[in-house]
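Heads up, target_5.tsv below (TSV, C-alpha atoms):
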chain	number	residue	atom	x	y	z
A	29	ASP	CA	-13.57	4.49	-3.47
A	30	ALA	CA	-13.39	6.51	-6.66
A	31	LYS	CA	-11.18	5.37	-9.49
A	32	THR	CA	-8.07	7.20	-10.54
A	33	THR	CA	-6.28	7.51	-13.88
A	34	GLN	CA	-2.54	7.92	-14.15
A	35	PRO	CA	-0.10	7.72	-17.06
A	36	PRO	CA	1.64	4.33	-17.05
A	37	SER	CA	5.12	5.78	-17.18
A	38	MET	CA	7.09	9.01	-17.13
A	39	ASP	CA	10.72	10.05	-17.42
A	40	CYS	CA	12.38	12.91	-15.61
A	41	ALA	CA	15.96	14.18	-15.57
A	42	GLU	CA	17.81	14.02	-12.29
A	43	GLY	CA	17.68	17.32	-10.45
A	44	ARG	CA	14.57	18.51	-12.23
A	45	ALA	CA	11.06	18.64	-10.82
A	46	ALA	CA	8.94	15.57	-11.47
A	47	ASN	CA	5.25	16.33	-11.96
A	48	LEU	CA	2.98	13.31	-11.76
A	49	PRO	CA	-0.65	13.86	-12.78
A	50	CYS	CA	-3.71	12.01	-11.53
A	51	ASN	CA	-7.32	12.26	-12.65
A	52	HIS	CA	-10.08	11.46	-10.17
A	53	SER	CA	-13.11	13.00	-11.81
A	54	THR	CA	-15.65	11.06	-9.71
A	55	ILE	CA	-14.14	11.95	-6.35
A	56	SER	CA	-16.63	12.58	-3.55
A	57	GLY	CA	-16.54	15.41	-1.07
A	58	ASN	CA	-15.36	13.22	1.78
A	59	GLU	CA	-12.59	11.47	-0.13
A	60	TYR	CA	-8.95	12.30	0.43
A	61	VAL	CA	-6.28	12.10	-2.26
A	62	TYR	CA	-3.31	9.98	-1.17
A	63	TRP	CA	-0.01	9.35	-2.87
A	64	TYR	CA	2.15	6.32	-2.18
A	65	ARG	CA	5.16	5.01	-4.00
A	66	GLN	CA	6.77	1.60	-4.30
A	67	ILE	CA	10.46	1.39	-4.95
A	68	HIS	CA	11.51	-1.87	-6.58
A	69	SER	CA	11.33	-4.85	-4.20
A	70	GLN	CA	10.14	-2.73	-1.28
A	71	GLY	CA	6.81	-2.14	0.42
A	72	PRO	CA	4.70	0.87	-0.53
A	73	GLN	CA	5.69	4.12	1.15
A	74	TYR	CA	3.38	6.96	2.07
A	75	ILE	CA	4.24	10.29	0.45
A	76	ILE	CA	1.50	12.84	1.07
A	77	HIS	CA	-2.25	13.31	1.20
A	78	GLY	CA	-4.77	16.13	0.96
A	79	LEU	CA	-8.45	16.93	0.88
A	80	LYS	CA	-8.92	20.33	-0.72
A	81	ASN	CA	-5.89	22.50	-0.09
A	82	ASN	CA	-2.45	22.12	-1.55
A	83	GLU	CA	-0.07	20.32	0.76
A	84	THR	CA	3.71	20.20	1.13
A	85	ASN	CA	6.00	18.06	3.23
A	86	GLU	CA	9.65	17.12	3.19
A	87	MET	CA	9.14	14.67	0.36
A	88	ALA	CA	6.77	16.35	-2.06
A	89	SER	CA	4.02	18.83	-2.82
A	90	LEU	CA	0.45	17.99	-3.72
A	91	ILE	CA	-1.54	20.34	-5.90
A	92	ILE	CA	-5.29	19.67	-6.03
A	93	THR	CA	-7.41	21.51	-8.55
A	94	GLU	CA	-10.25	23.64	-7.28
A	95	ASP	CA	-12.88	21.22	-8.58
A	96	ARG	CA	-10.88	18.36	-6.99
A	97	LYS	CA	-11.13	16.32	-10.17
A	98	SER	CA	-7.40	16.06	-10.62
A	99	SER	CA	-4.17	16.49	-8.73
A	100	THR	CA	-0.45	16.65	-9.33
A	101	LEU	CA	2.32	15.26	-7.18
A	102	ILE	CA	5.51	17.28	-7.43
A	103	LEU	CA	8.93	15.99	-6.46
A	104	PRO	CA	10.88	19.26	-6.54
A	105	HIS	CA	14.39	17.93	-7.16
A	106	ALA	CA	14.19	14.35	-8.37
A	107	THR	CA	17.05	11.98	-7.60
A	108	LEU	CA	17.81	8.51	-8.92
A	109	ARG	CA	16.38	7.08	-5.70
A	110	ASP	CA	12.98	8.51	-6.64
A	111	THR	CA	12.64	5.94	-9.42
A	112	ALA	CA	9.55	4.01	-8.37
A	113	VAL	CA	5.91	3.30	-9.14
A	114	TYR	CA	3.75	6.14	-7.82
A	115	TYR	CA	0.15	5.44	-6.84
A	116	CYS	CA	-2.59	8.02	-6.60
A	117	ILE	CA	-5.42	6.77	-4.37
A	118	VAL	CA	-8.68	8.38	-3.36
A	119	ARG	CA	-10.15	7.12	-0.14
A	120	VAL	CA	-13.25	7.76	1.92
A	121	ALA	CA	-12.42	9.16	5.33
A	122	VAL	CA	-15.11	8.50	7.90
A	123	ALA	CA	-14.41	9.39	11.51
A	124	GLY	CA	-14.85	6.32	13.63
A	125	GLY	CA	-15.41	4.18	10.60
A	126	GLY	CA	-14.04	0.70	10.16
A	127	ALA	CA	-10.61	-0.03	8.80
A	128	ASP	CA	-10.48	-0.07	5.05
A	129	GLY	CA	-7.64	-1.22	2.87
A	130	LEU	CA	-6.13	0.97	0.21
A	131	THR	CA	-7.20	0.33	-3.37
A	132	PHE	CA	-4.13	0.50	-5.56
A	133	GLY	CA	-4.37	1.04	-9.30
A	134	LYS	CA	-1.59	0.50	-11.79
A	135	GLY	CA	0.25	3.68	-10.87
A	136	THR	CA	2.87	5.62	-12.81
A	137	HIS	CA	6.33	4.17	-13.23
A	138	LEU	CA	8.58	7.21	-12.81
A	139	ILE	CA	12.08	6.77	-14.15
A	140	ILE	CA	14.68	9.33	-13.17
A	141	GLN	CA	17.35	9.63	-15.82
A	142	PRO	CA	20.93	10.56	-14.83
B	28	ASP	CA	14.17	-0.21	14.64
B	29	THR	CA	11.97	-1.35	11.79
B	30	ALA	CA	8.42	-0.05	12.19
B	31	VAL	CA	6.69	-2.96	10.43
B	32	SER	CA	8.62	-6.19	10.08
B	33	GLN	CA	7.78	-9.47	8.39
B	34	THR	CA	9.27	-12.94	8.55
B	35	PRO	CA	10.36	-14.73	6.54
B	36	LYS	CA	11.51	-12.49	3.72
B	37	TYR	CA	11.52	-15.41	1.29
B	38	LEU	CA	9.47	-18.60	1.44
B	39	VAL	CA	9.73	-21.44	-1.05
B	40	THR	CA	7.46	-24.41	-0.51
B	41	GLN	CA	5.63	-27.24	-2.20
B	42	MET	CA	2.00	-27.32	-3.25
B	43	GLY	CA	-0.28	-28.63	-0.56
B	44	ASN	CA	1.86	-27.47	2.35
B	45	ASP	CA	0.66	-25.20	5.15
B	46	LYS	CA	2.73	-22.13	5.94
B	47	SER	CA	2.62	-18.99	8.07
B	48	ILE	CA	3.95	-15.49	7.59
B	49	LYS	CA	4.49	-13.31	10.62
B	50	CYS	CA	4.09	-9.56	10.95
B	51	GLU	CA	4.95	-7.26	13.83
B	52	GLN	CA	4.59	-3.51	14.22
B	53	ASN	CA	6.18	-1.42	16.94
B	54	LEU	CA	4.24	1.76	16.18
B	55	GLY	CA	1.49	1.22	18.69
B	56	HIS	CA	-1.08	1.16	15.91
B	57	ASP	CA	-4.53	-0.32	16.37
B	58	THR	CA	-5.08	-1.68	12.87
B	59	MET	CA	-3.05	-4.08	10.77
B	60	TYR	CA	-3.53	-5.29	7.20
B	61	TRP	CA	-2.42	-7.94	4.76
B	62	TYR	CA	-2.01	-7.18	1.06
B	63	LYS	CA	-1.13	-9.46	-1.85
B	64	GLN	CA	0.90	-8.33	-4.87
B	65	ASP	CA	0.70	-10.77	-7.75
B	66	SER	CA	3.04	-11.32	-10.67
B	67	LYS	CA	1.42	-8.51	-12.60
B	68	LYS	CA	2.26	-6.17	-9.71
B	69	PHE	CA	-1.35	-5.51	-8.74
B	70	LEU	CA	-1.54	-4.79	-5.02
B	71	LYS	CA	-4.79	-5.87	-3.33
B	72	ILE	CA	-6.08	-5.79	0.22
B	73	MET	CA	-6.78	-9.16	1.78
B	74	PHE	CA	-7.58	-8.55	5.45
B	75	SER	CA	-7.46	-5.99	8.19
B	76	TYR	CA	-7.60	-6.38	11.96
B	77	ASN	CA	-8.63	-3.75	14.45
B	78	ASN	CA	-8.36	-4.50	18.18
B	79	LYS	CA	-8.23	-8.23	17.47
B	80	GLU	CA	-11.35	-8.08	15.38
B	81	LEU	CA	-11.52	-8.80	11.67
B	82	ILE	CA	-12.86	-5.71	10.01
B	83	ILE	CA	-12.80	-6.58	6.34
B	84	ASN	CA	-12.33	-9.81	4.54
B	85	GLU	CA	-12.02	-9.48	0.81
B	86	THR	CA	-13.04	-12.43	-1.32
B	87	VAL	CA	-9.97	-14.49	-0.61
B	88	PRO	CA	-10.08	-18.27	-0.26
B	89	ASN	CA	-10.76	-19.55	3.23
B	90	ARG	CA	-7.40	-21.31	3.06
B	91	PHE	CA	-6.06	-17.95	4.13
B	92	SER	CA	-6.64	-17.04	7.74
B	93	PRO	CA	-5.27	-14.06	9.67
B	94	LYS	CA	-4.39	-14.59	13.32
B	95	SER	CA	-3.69	-11.76	15.76
B	96	PRO	CA	-2.23	-12.87	19.12
B	97	ASP	CA	-2.01	-9.23	20.23
B	98	LYS	CA	-2.32	-5.73	18.85
B	99	ALA	CA	1.26	-5.66	17.61
B	100	HIS	CA	1.08	-8.86	15.59
B	101	LEU	CA	-0.96	-10.09	12.65
B	102	ASN	CA	0.11	-13.43	11.22
B	103	LEU	CA	-1.14	-14.94	7.98
B	104	HIS	CA	-1.74	-18.69	7.84
B	105	ILE	CA	-2.14	-20.37	4.48
B	106	ASN	CA	-3.38	-23.95	4.22
B	107	SER	CA	-3.04	-26.28	1.24
B	108	LEU	CA	-0.87	-23.93	-0.76
B	109	GLU	CA	-1.56	-23.67	-4.49
B	110	LEU	CA	0.60	-22.46	-7.37
B	111	GLY	CA	-1.55	-19.34	-7.68
B	112	ASP	CA	-0.66	-18.32	-4.14
B	113	SER	CA	2.81	-17.38	-5.34
B	114	ALA	CA	3.08	-13.65	-4.77
B	115	VAL	CA	4.56	-11.00	-2.51
B	116	TYR	CA	2.58	-10.51	0.68
B	117	PHE	CA	2.80	-7.17	2.46
B	118	CYS	CA	1.77	-6.40	5.99
B	119	ALA	CA	0.78	-2.85	6.94
B	120	SER	CA	-0.48	-0.95	9.95
B	121	SER	CA	-2.27	2.32	10.67
B	122	GLN	CA	-3.15	4.27	13.78
B	123	SER	CA	-6.85	3.57	14.07
B	124	GLY	CA	-8.14	2.46	10.70
B	125	SER	CA	-10.72	5.21	10.63
B	126	GLY	CA	-9.25	6.56	7.46
B	127	VAL	CA	-9.50	10.16	8.55
B	128	GLY	CA	-6.33	11.48	6.99
B	129	GLU	CA	-4.25	8.64	8.31
B	130	THR	CA	-1.53	6.73	6.55
B	131	GLN	CA	-0.56	3.10	6.35
B	132	TYR	CA	2.95	1.87	7.00
B	133	PHE	CA	4.06	-1.16	5.05
B	134	GLY	CA	6.48	-3.94	5.83
B	135	PRO	CA	9.20	-5.09	3.42
B	136	GLY	CA	7.16	-7.98	2.03
B	137	THR	CA	7.37	-11.77	2.04
B	138	ARG	CA	8.08	-13.38	-1.30
B	139	LEU	CA	6.21	-16.68	-1.47
B	140	LEU	CA	6.96	-19.18	-4.21
B	141	VAL	CA	4.88	-22.32	-4.43
B	142	LEU	CA	6.38	-25.12	-6.51
For the file at hand, write its structure as structure tokens.
Amino acid sequence: DAKTTQPPSMDCAEGRAANLPCNHSTISGNEYVYWYRQIHSQGPQYIIHGLKNNETNEMASLIITEDRKSSTLILPHATLRDTAVYYCIVRVAVAGGGADGLTFGKGTHLIIQP
Amino acid sequence: DTAVSQTPKYLVTQMGNDKSIKCEQNLGHDTMYWYKQDSKKFLKIMFSYNNKELIINETVPNRFSPKSPDKAHLNLHINSLELGDSAVYFCASSQSGSGVGETQYFGPGTRLLVL
């Protein structure tokens, strides 16, 4: 799987949009971009994923650049409970392929300030 | 109901002991995983099981052995525990393991401390 680069930490004011960047300049055409987060003392939690198009769900939006070399996770109205480490992961997706674990990097520690 | 559950939540034991951590998922998924998160917070895949078959086995010591009695369970047995085994162990599951746009669901973790 391709490597990703994320800032180690970010602050965001409560109620504002949190924009978390991720660089994945060596991403391949068949690799998805996934975002997970880990709230302190809990297991990682899936947020969103995408291949080429921008995606939105009830938790967040994912903006992928046209060249797919970077992406941004957007939490539209951050709350204190969004304080967590956010992981950007790129992963090969092969139909019928074998199970493959996720490769977690260091992630971004997002701190929501009251 | 908890989708992926692990027992125990905390485990404190002596060096040299043998211990097991249990994992159960009620999502009907075909693939289950074990991850290790060390003191530096790096999260790494250890094993995955798909239909009772070991799919991947990262370079972990053979003191660690996954056991799957059925599709809903993947237990982790650790023999001759060492100090360096102290970590948080997470179980996860996914629908098929094919990776085509699918997500993994994680358990709450088991905090292992070896004294």
| Spatial neighbours of Thr33 (chain A), max dist 7 Å, all atoms listed in the file, sep filter under 6 positions, as a ChimeraX atom specification | /A:50-52
| query | Counting only C-alpha atoms, which residues of chain B come no farther than 12 Å from chain A, as a ChimeraX atom specification? | reply | /B:31-33,36-37,56-64,67-78,80-85,115-138
| query | Which one is closest to Ser98 (chain A): A:Asn47, A:Thr136, A:Ser53, A:Thr111? Count only C-alpha atoms. | reply | A:Ser53
| request: Compile the contact shell of Leu139 (chain B) as a PyMOL selection string: residues with an atom at most 12 Å away, counting only C-alpha atoms, same-chain residues fewer than 5 positions apart removed. | output: chain B and resi 34-42+46-48+63-66+105+108-117
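Distances here use only C-alpha atoms; by that measure, the residue among B:Val141, B:Gly55, B:Lys49, B:Ser107 closest to Pro93 (chain B) is B:Lys49.
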| query | Residues at most 8 Å from Ile67 (chain A), counting all atoms listed in the file, excluding those fewer than 6 positions away in the same chain, as a PyMOL selection string? | reply | chain A and resi 110-113
| Point (6.4, 15.0, -5.4), cut-off 8 Å, counting all atoms listed in the file, residues as a ChimeraX atom specification | /A:46-48,75,87-90,101-104
| Contacts of Asn106 (chain B) at 7 Å or less, counting all atoms listed in the file, minus same-chain residues fewer than 6 places along, as a PyMOL selection string? | chain B and resi 44-46+90-91
